[in-house]
>>> print(open('protein.txt').read())   # compact mmCIF, C-alpha atoms and all ligand atoms
# COMPACT_ATOMS: atom_id res chain seq x y z
CA MET A 1 66.07 16.44 -34.36
CA ASP A 2 62.27 16.21 -34.04
CA ASN A 3 60.76 14.19 -31.23
CA PRO A 4 59.40 10.79 -32.21
CA TYR A 5 55.67 10.92 -33.02
CA VAL A 6 53.27 8.34 -31.62
CA PHE A 7 49.76 7.90 -32.97
CA ILE A 8 47.33 6.17 -30.56
CA THR A 9 44.32 4.81 -32.43
CA ARG A 10 41.81 4.86 -29.57
CA LYS A 11 41.19 6.81 -26.39
CA VAL A 12 43.16 5.22 -23.54
CA PRO A 13 43.58 6.47 -19.94
CA GLU A 14 45.92 9.46 -19.89
CA ASP A 15 47.93 8.23 -16.89
CA THR A 16 48.84 5.02 -18.74
CA ILE A 17 50.59 6.89 -21.56
CA ALA A 18 53.00 8.78 -19.29
CA PRO A 19 55.91 6.53 -20.40
CA ILE A 20 55.32 7.51 -24.04
CA ARG A 21 55.08 11.22 -23.23
CA GLU A 22 58.56 10.99 -21.67
CA VAL A 23 60.07 10.29 -25.07
CA ALA A 24 57.65 11.38 -27.80
CA ASP A 25 54.92 13.68 -29.02
CA VAL A 26 51.55 11.97 -28.88
CA LYS A 27 48.29 12.20 -30.79
CA MET A 28 45.32 10.18 -29.63
CA TRP A 29 42.27 9.38 -31.80
CA ASP A 30 39.55 10.52 -29.43
CA TYR A 31 36.26 10.90 -31.25
CA GLU A 32 33.42 9.52 -29.13
CA ASP A 33 35.08 6.15 -28.87
CA THR A 34 34.70 5.41 -32.58
CA PRO A 35 37.31 3.44 -34.52
CA VAL A 36 39.87 5.43 -36.43
CA PRO A 37 38.87 5.50 -40.14
CA ARG A 38 41.24 3.57 -42.39
CA GLU A 39 42.21 6.66 -44.41
CA VAL A 40 43.15 8.54 -41.22
CA LEU A 41 45.23 5.60 -40.00
CA LEU A 42 47.04 5.40 -43.35
CA LYS A 43 47.72 9.12 -43.30
CA GLU A 44 49.03 9.04 -39.72
CA ALA A 45 51.22 6.04 -40.56
CA GLU A 46 53.08 8.18 -43.11
CA THR A 47 54.62 10.29 -40.32
CA ALA A 48 54.37 8.15 -37.17
CA THR A 49 57.41 6.70 -35.44
CA ALA A 50 55.12 4.45 -33.43
CA ILE A 51 51.53 3.29 -33.78
CA TYR A 52 49.65 2.26 -30.66
CA SER A 53 46.97 0.01 -32.14
CA ILE A 54 43.95 -1.98 -31.02
CA LEU A 55 42.85 -5.33 -32.41
CA SER A 56 40.41 -3.90 -34.96
CA ASP A 57 43.11 -1.79 -36.67
CA LYS A 58 44.57 -3.49 -39.74
CA ILE A 59 48.31 -3.01 -39.71
CA ASP A 60 48.88 -4.60 -43.10
CA ARG A 61 51.47 -4.46 -45.86
CA GLU A 62 49.81 -1.47 -47.54
CA LEU A 63 50.12 0.56 -44.33
CA LEU A 64 53.65 -0.61 -43.56
CA GLU A 65 54.85 0.34 -47.04
CA ARG A 66 53.69 3.91 -46.50
CA ALA A 67 55.13 4.11 -42.98
CA LYS A 68 58.63 5.29 -43.74
CA ASN A 69 59.46 6.44 -40.17
CA LEU A 70 57.71 3.64 -38.31
CA LYS A 71 59.81 1.78 -35.74
CA VAL A 72 57.21 0.07 -33.56
CA VAL A 73 53.61 -1.09 -33.46
CA GLY A 74 52.37 -1.51 -29.90
CA ASN A 75 49.25 -3.66 -30.14
CA LEU A 76 46.89 -3.52 -27.17
CA ALA A 77 46.23 -7.28 -27.10
CA VAL A 78 48.12 -10.53 -26.71
CA GLY A 79 46.78 -11.68 -30.11
CA TYR A 80 48.33 -9.92 -33.10
CA ASP A 81 46.43 -11.41 -36.04
CA ASN A 82 45.52 -7.84 -37.09
CA VAL A 83 49.20 -7.14 -37.80
CA ASP A 84 51.14 -8.48 -40.77
CA VAL A 85 54.21 -9.46 -38.73
CA GLU A 86 56.11 -10.73 -41.76
CA ALA A 87 55.73 -7.40 -43.56
CA ALA A 88 56.57 -5.51 -40.35
CA THR A 89 59.78 -7.51 -39.94
CA GLU A 90 60.73 -6.86 -43.58
CA HIS A 91 60.28 -3.14 -42.90
CA GLY A 92 62.28 -3.29 -39.67
CA VAL A 93 59.22 -2.56 -37.53
CA ILE A 94 59.02 -4.16 -34.08
CA VAL A 95 55.59 -5.55 -33.18
CA CYS A 96 54.75 -5.57 -29.46
CA ASN A 97 51.82 -7.19 -27.65
CA THR A 98 50.49 -7.63 -24.09
CA PRO A 99 50.89 -11.23 -22.89
CA ASP A 100 50.70 -12.30 -19.23
CA VAL A 101 49.02 -9.19 -17.81
CA LEU A 102 45.65 -10.38 -19.16
CA THR A 103 46.01 -14.11 -18.54
CA ASP A 104 44.13 -14.44 -15.24
CA THR A 105 41.35 -12.06 -16.24
CA THR A 106 40.78 -13.82 -19.58
CA ALA A 107 40.80 -17.22 -17.86
CA ASP A 108 38.18 -15.92 -15.40
CA LEU A 109 35.99 -14.86 -18.32
CA ALA A 110 36.45 -18.19 -20.10
CA PHE A 111 35.33 -19.98 -16.97
CA ALA A 112 32.42 -17.58 -16.47
CA LEU A 113 31.32 -18.24 -20.06
CA LEU A 114 31.53 -21.98 -19.49
CA MET A 115 29.42 -21.67 -16.34
CA ALA A 116 26.95 -19.30 -18.01
CA ALA A 117 26.39 -21.63 -20.96
CA ALA A 118 26.29 -24.80 -18.84
CA ARG A 119 23.90 -23.44 -16.24
CA ARG A 120 21.87 -21.26 -18.65
CA ILE A 121 22.50 -18.15 -16.59
CA PRO A 122 21.68 -15.46 -19.21
CA GLU A 123 18.53 -17.37 -20.19
CA ALA A 124 17.48 -17.61 -16.54
CA GLN A 125 18.09 -13.91 -16.01
CA GLN A 126 15.99 -13.08 -19.08
CA TYR A 127 13.22 -15.35 -17.79
CA ILE A 128 12.96 -13.57 -14.47
CA LYS A 129 13.30 -10.09 -16.02
CA ASP A 130 10.51 -10.95 -18.49
CA GLY A 131 8.23 -11.63 -15.51
CA LYS A 132 7.86 -15.32 -16.39
CA TRP A 133 8.83 -16.70 -12.97
CA ASP A 134 5.49 -17.66 -11.47
CA ASN A 135 6.30 -21.02 -9.95
CA TRP A 136 9.09 -23.49 -9.26
CA SER A 137 9.25 -26.78 -11.14
CA PRO A 138 11.81 -29.58 -10.99
CA LEU A 139 13.41 -29.08 -14.38
CA LEU A 140 12.81 -25.36 -14.79
CA LEU A 141 15.88 -23.92 -16.58
CA ALA A 142 17.91 -27.01 -15.65
CA GLY A 143 21.31 -26.94 -17.31
CA GLN A 144 24.19 -29.36 -17.12
CA ASP A 145 26.85 -29.91 -14.51
CA VAL A 146 30.33 -28.45 -14.66
CA HIS A 147 31.93 -30.30 -11.75
CA HIS A 148 33.42 -33.69 -12.59
CA LYS A 149 32.81 -33.18 -16.31
CA THR A 150 35.49 -33.27 -19.03
CA LEU A 151 36.97 -30.01 -20.27
CA GLY A 152 38.90 -30.14 -23.56
CA ILE A 153 41.18 -27.15 -24.09
CA VAL A 154 42.42 -26.55 -27.63
CA GLY A 155 45.38 -24.18 -27.26
CA MET A 156 46.89 -24.96 -23.85
CA GLY A 157 49.11 -21.91 -23.52
CA ARG A 158 49.19 -19.20 -20.85
CA ILE A 159 45.42 -18.67 -20.73
CA GLY A 160 44.63 -22.36 -21.26
CA GLU A 161 46.78 -23.35 -18.27
CA THR A 162 45.08 -20.76 -16.13
CA VAL A 163 41.63 -22.06 -17.11
CA ALA A 164 42.87 -25.58 -16.31
CA LYS A 165 43.94 -24.36 -12.87
CA ARG A 166 40.42 -23.07 -12.25
CA ALA A 167 38.91 -26.32 -13.57
CA THR A 168 40.82 -28.35 -10.97
CA GLY A 169 38.75 -26.58 -8.29
CA PHE A 170 35.64 -27.99 -9.99
CA GLU A 171 37.26 -31.43 -10.04
CA MET A 172 37.01 -31.53 -13.81
CA ASN A 173 38.79 -34.04 -15.97
CA ILE A 174 41.09 -31.93 -18.19
CA LEU A 175 42.19 -32.82 -21.72
CA TYR A 176 44.15 -30.60 -24.05
CA HIS A 177 45.42 -30.42 -27.58
CA ASN A 178 48.31 -28.31 -28.89
CA ARG A 179 50.93 -28.89 -31.56
CA SER A 180 53.40 -29.53 -28.72
CA ARG A 181 53.13 -30.92 -25.19
CA ASN A 182 52.66 -28.58 -22.24
CA GLU A 183 54.46 -30.14 -19.28
CA LYS A 184 53.33 -27.50 -16.81
CA ALA A 185 49.66 -28.20 -17.58
CA GLU A 186 50.25 -31.92 -17.25
CA LYS A 187 52.25 -31.79 -14.02
CA GLU A 188 50.50 -28.97 -12.17
CA PHE A 189 46.90 -29.37 -13.30
CA GLY A 190 46.72 -33.02 -14.31
CA ALA A 191 45.81 -32.20 -17.91
CA ALA A 192 46.10 -35.10 -20.36
CA TYR A 193 47.48 -34.57 -23.87
CA VAL A 194 45.23 -36.09 -26.55
CA SER A 195 44.76 -35.86 -30.31
CA PHE A 196 42.28 -33.29 -31.59
CA ASP A 197 39.85 -36.07 -32.54
CA GLU A 198 40.05 -37.72 -29.14
CA LEU A 199 39.38 -34.40 -27.44
CA LEU A 200 36.32 -33.81 -29.64
CA ASP A 201 35.10 -37.32 -29.03
CA THR A 202 35.41 -37.13 -25.23
CA ALA A 203 34.96 -33.56 -23.98
CA ASP A 204 31.75 -32.18 -22.48
CA TYR A 205 33.17 -28.67 -22.96
CA VAL A 206 35.45 -27.82 -25.89
CA LEU A 207 37.25 -24.51 -25.33
CA ASN A 208 39.23 -22.82 -28.10
CA LEU A 209 42.15 -20.68 -26.92
CA THR A 210 44.41 -20.87 -29.96
CA PRO A 211 45.75 -17.73 -31.64
CA LEU A 212 44.34 -16.94 -35.09
CA THR A 213 46.87 -18.14 -37.66
CA PRO A 214 46.58 -19.63 -41.16
CA GLU A 215 46.59 -23.03 -39.42
CA THR A 216 43.77 -22.31 -36.96
CA GLU A 217 41.60 -20.28 -39.32
CA GLY A 218 38.32 -22.13 -39.83
CA MET A 219 39.58 -25.00 -37.64
CA PHE A 220 36.15 -25.47 -36.02
CA ASN A 221 34.08 -26.48 -39.01
CA ARG A 222 31.22 -28.81 -39.89
CA ASP A 223 33.39 -31.90 -39.64
CA VAL A 224 34.71 -30.88 -36.20
CA PHE A 225 31.26 -30.08 -34.78
CA SER A 226 29.96 -33.43 -36.07
CA LYS A 227 32.67 -35.19 -34.02
CA MET A 228 31.61 -33.54 -30.74
CA ASN A 229 29.15 -35.13 -28.34
CA LYS A 230 25.50 -34.16 -28.57
CA ASN A 231 25.73 -32.89 -24.99
CA ALA A 232 28.91 -30.91 -25.66
CA ILE A 233 29.14 -27.14 -25.33
CA PHE A 234 31.58 -25.30 -27.60
CA LEU A 235 33.34 -22.26 -26.16
CA ASN A 236 35.43 -19.74 -28.03
CA VAL A 237 37.60 -17.20 -26.23
CA GLY A 238 40.46 -17.29 -28.78
CA ARG A 239 39.53 -15.56 -32.01
CA GLY A 240 36.34 -15.71 -34.09
CA GLY A 241 38.24 -16.61 -37.25
CA ALA A 242 38.91 -20.09 -35.82
CA VAL A 243 35.23 -20.91 -36.36
CA VAL A 244 33.20 -21.36 -39.53
CA GLU A 245 30.15 -19.65 -38.09
CA GLU A 246 27.63 -21.00 -40.59
CA ASP A 247 28.77 -24.51 -39.64
CA LEU A 248 28.32 -23.67 -35.96
CA VAL A 249 24.82 -22.35 -36.69
CA ALA A 250 24.01 -25.61 -38.50
CA ALA A 251 25.44 -27.73 -35.64
CA ILE A 252 23.27 -25.88 -33.09
CA GLU A 253 20.21 -25.98 -35.35
CA ASN A 254 20.59 -29.73 -35.97
CA GLY A 255 21.25 -30.51 -32.30
CA GLU A 256 24.72 -31.87 -33.07
CA ILE A 257 26.01 -30.03 -29.99
CA ALA A 258 24.12 -28.76 -26.94
CA GLY A 259 25.14 -25.11 -27.06
CA ALA A 260 27.91 -22.57 -27.29
CA GLY A 261 29.53 -19.72 -25.43
CA LEU A 262 31.23 -17.15 -27.65
CA ASP A 263 33.30 -14.13 -26.69
CA VAL A 264 34.68 -13.64 -30.20
CA PHE A 265 33.22 -13.68 -33.72
CA GLU A 266 34.39 -13.98 -37.31
CA LYS A 267 33.55 -10.34 -37.99
CA GLU A 268 33.25 -8.02 -35.02
CA PRO A 269 31.12 -6.29 -33.91
CA ILE A 270 28.14 -8.55 -34.74
CA PRO A 271 24.70 -7.10 -35.47
CA GLU A 272 21.73 -7.98 -33.24
CA ASP A 273 20.24 -10.11 -36.02
CA HIS A 274 23.39 -12.25 -36.34
CA PRO A 275 22.27 -15.88 -36.81
CA LEU A 276 24.05 -17.01 -33.62
CA MET A 277 22.04 -14.53 -31.53
CA LYS A 278 18.72 -16.29 -32.11
CA PHE A 279 19.52 -19.41 -30.05
CA PRO A 280 18.71 -19.43 -26.33
CA ASN A 281 21.48 -22.00 -25.85
CA VAL A 282 24.19 -19.77 -27.32
CA VAL A 283 25.72 -17.18 -24.98
CA CYS A 284 27.26 -14.26 -26.88
CA LEU A 285 29.62 -11.70 -25.37
CA PRO A 286 31.19 -8.65 -27.07
CA HIS A 287 34.87 -9.69 -26.86
CA ILE A 288 35.32 -8.89 -23.16
CA GLY A 289 37.87 -11.58 -22.28
CA SER A 290 40.40 -9.19 -20.75
CA ALA A 291 37.89 -6.49 -19.82
CA SER A 292 38.43 -5.72 -16.16
CA VAL A 293 39.44 -2.14 -15.39
CA GLU A 294 42.63 -3.31 -13.66
CA THR A 295 43.69 -5.53 -16.54
CA ARG A 296 42.82 -3.11 -19.33
CA LYS A 297 44.89 -0.44 -17.55
CA ALA A 298 47.74 -2.91 -17.11
CA MET A 299 47.55 -3.70 -20.86
CA CYS A 300 47.60 0.03 -21.68
CA SER A 301 50.61 0.62 -19.41
CA LEU A 302 52.49 -2.33 -20.88
CA THR A 303 51.79 -1.09 -24.41
CA SER A 304 53.19 2.31 -23.46
CA ARG A 305 56.30 0.80 -21.88
CA ASN A 306 56.82 -1.41 -24.94
CA ILE A 307 56.68 1.61 -27.24
CA ARG A 308 58.96 3.69 -25.00
CA ALA A 309 61.53 0.90 -24.89
CA VAL A 310 61.74 0.55 -28.68
CA LEU A 311 61.92 4.32 -29.13
CA ARG A 312 64.84 4.36 -26.68
CA GLY A 313 66.54 1.52 -28.56
CA GLU A 314 65.94 -0.89 -25.67
CA LYS A 315 64.41 -4.37 -25.67
CA PRO A 316 60.66 -4.14 -24.97
CA GLU A 317 59.00 -6.37 -22.36
CA ALA A 318 56.88 -8.09 -25.00
CA ALA A 319 57.62 -8.22 -28.72
CA VAL A 320 56.77 -10.90 -31.25
CA ASN A 321 59.59 -10.19 -33.74
CA TRP A 322 62.46 -8.88 -31.61
CA ASN A 323 65.66 -10.30 -33.03
CA LYS A 324 68.49 -8.01 -31.99
P1 LIG A 401 49.76 -18.67 -25.91
O1 LIG A 401 50.36 -18.78 -24.55
O2 LIG A 401 50.63 -18.43 -27.07
O3 LIG A 401 48.88 -20.00 -26.15
C1 LIG A 401 48.39 -20.38 -27.39
C2 LIG A 401 48.35 -21.88 -27.44
O4 LIG A 401 47.76 -22.28 -28.69
C3 LIG A 401 49.73 -22.52 -27.37
O5 LIG A 401 49.72 -23.48 -26.35
C4 LIG A 401 49.92 -23.17 -28.73
O6 LIG A 401 50.62 -24.41 -28.55
C5 LIG A 401 48.48 -23.41 -29.17
N1 LIG A 401 48.36 -23.47 -30.63
C6 LIG A 401 48.86 -22.60 -31.56
N2 LIG A 401 48.57 -23.02 -32.80
C7 LIG A 401 47.88 -24.18 -32.64
C8 LIG A 401 47.31 -25.10 -33.56
N3 LIG A 401 47.42 -24.92 -34.89
N4 LIG A 401 46.67 -26.18 -33.07
C9 LIG A 401 46.57 -26.39 -31.73
N5 LIG A 401 47.10 -25.56 -30.81
C10 LIG A 401 47.73 -24.46 -31.27
O7 LIG A 401 48.67 -17.51 -25.93
P2 LIG A 401 47.68 -17.03 -24.77
O8 LIG A 401 48.28 -15.86 -24.07
O9 LIG A 401 47.20 -18.21 -24.00
O10 LIG A 401 46.49 -16.46 -25.70
C11 LIG A 401 45.82 -17.31 -26.60
C12 LIG A 401 44.92 -16.54 -27.54
O11 LIG A 401 43.77 -16.12 -26.84
C13 LIG A 401 45.50 -15.24 -28.10
O12 LIG A 401 46.31 -15.47 -29.24
C14 LIG A 401 44.28 -14.41 -28.42
O13 LIG A 401 43.91 -14.58 -29.77
C15 LIG A 401 43.21 -14.99 -27.52
N6 LIG A 401 42.77 -14.01 -26.49
C16 LIG A 401 41.48 -13.62 -26.48
C17 LIG A 401 41.05 -12.75 -25.52
C18 LIG A 401 39.62 -12.30 -25.47
O14 LIG A 401 39.37 -11.18 -25.05
N7 LIG A 401 38.67 -13.13 -25.86
C19 LIG A 401 41.94 -12.25 -24.55
C20 LIG A 401 43.26 -12.70 -24.60
C21 LIG A 401 43.68 -13.58 -25.56
P3 LIG A 401 51.54 -25.03 -29.73
O15 LIG A 401 52.41 -23.93 -30.22
O16 LIG A 401 52.26 -26.15 -29.04
O17 LIG A 401 50.57 -25.52 -30.75
>>> encode(input="protein.txt", output="structure tokens")
Amino acid sequence: MDNPYVFITRKVPEDTIAPIREVADVKMWDYEDTPVPREVLLKEAETATAIYSILSDKIDRELLERAKNLKVVGNLAVGYDNVDVEAATEHGVIVCNTPDVLTDTTADLAFALLMAAARRIPEAQQYIKDGKWDNWSPLLLAGQDVHHKTLGIVGMGRIGETVAKRATGFEMNILYHNRSRNEKAEKEFGAAYVSFDELLDTADYVLNLTPLTPETEGMFNRDVFSKMNKNAIFLNVGRGGAVVEEDLVAAIENGEIAGAGLDVFEKEPIPEDHPLMKFPNVVCLPHIGSASVETRKAMCSLTSRNIRAVLRGEKPEAAVNWNK
């Protein structure tokens, strides 16, 4: 019998794919770090036993219907909104992801983004690099405090809890909203469960960390921004699809909120003339939540182990539709 065939859609460190090489033949898309074209992905899916995907690859029903040999999709992310899990399950395809290994690193980035937006760090850096720093004045580039302020976390899961842990060091008041209560966050980090409206009404920083689902899509819209405080800063480290970006632009333009920090966008990558890029009080990052070398390698290794496990008929460490 032929070896299983694994198609990896982006260049990843060779040492991290050793587990896959133990059990399968491998092809890696490795063309100057460009995304794999859709037609190539569809073609590869026709013969692949496993697809090792990244979050910009659409693993949809069309692809899954063509993928007659496919057993597993190993997605290099904790979020899996790029994969049609329902269709995968119907086709008997296991969908794996990378929870936990990226939690601390993503929480660090969320906190860095909060600090950067609150204390105007990118703006201050630009100021000095533009040669504008010719004197000191009392309110020059003055931002707003982080310590003792109220942080509202929407989506208090693994990453949310870890941000809350960091916030306790800044003596912040922590509120959260989920569909269900998170006892760990309440007991260990003193987070208080509130309704979505109460969180919007009270928080100085509103941080989205929900997954992108039909329920959270467009959740942060005009109505929601209008309920936030004028001094509030909106932060998004979940997924861009949770935000109606033109409503966020309007809220910033009209001074309904004080600023934003965004690691994710509705359609990525964003061009340099994207409307959210023109505001000095909006910090934009290119989806780098989990981007430390250690964590990205840990995610790659976990993806490889997940794929190897399914190909060996074993339970993977992280799957979203394992039901055997
Ligand atoms: P998680 O542990 O599953 O946490 C997600 C939380 O969102 C849960 O507490 C869940 O609680 C809550 N939630 C889900 N639907 C909701 C809704 N409709 N309304 C309110 N709360 C809702 O996931 P995680 O590991 O913390 O990751 C969270 C997300 O962060 C991922 O799905 C991914 O999209 C994003 N992420 C981004 C980056 C980045 O680079 N920017 C990196 C890693 C992860 P309930 O089920 O009780 O509602």
>>> axis_aligned_box(input="protein.txt", around="ligand LIG 401 (chain A)", padding_each_side="5 Å", output="lines of an AutoDock Vina configuration file")
center_x = 45.5
center_y = -18.8
center_z = -29.4
size_x = 23.7
size_y = 25.2
size_z = 20.9
>>> residues_near_ligand(input="protein.txt", ligand="ligand LIG 401 (chain A)", cutoff="6 Å", atoms="only C-alpha atoms and all ligand atoms", output="ChimeraX atom specification")
/A:78-79,99,106,154-160,177-180,209-212,215-216,237-239,263-264,287-290
>>> residues_near_point(input="protein.txt", point="(33.3, -27.9, -25.1)", cutoff="7 Å", atoms="all atoms listed in the file", output="count of residues only")
11
>>> atom_distance(input="protein.txt", atom1="atom CA of Asn69 of chain A", atom2="atom CA of Thr49 of chain A")
5.2 Å
>>> atom_distance(input="protein.txt", atom1="atom CA of Gly74 of chain A", atom2="atom CA of Val244 of chain A")
29.2 Å
>>> residues_around(input="protein.txt", residues="Ile59 of chain A", least_positions_apart="5", cutoff="9 Å", atoms="only C-alpha atoms", output="list in words")
Ser53, Leu64, Val73, Asn82, Val83, Asp84, Val85 and Ala88 of chain A
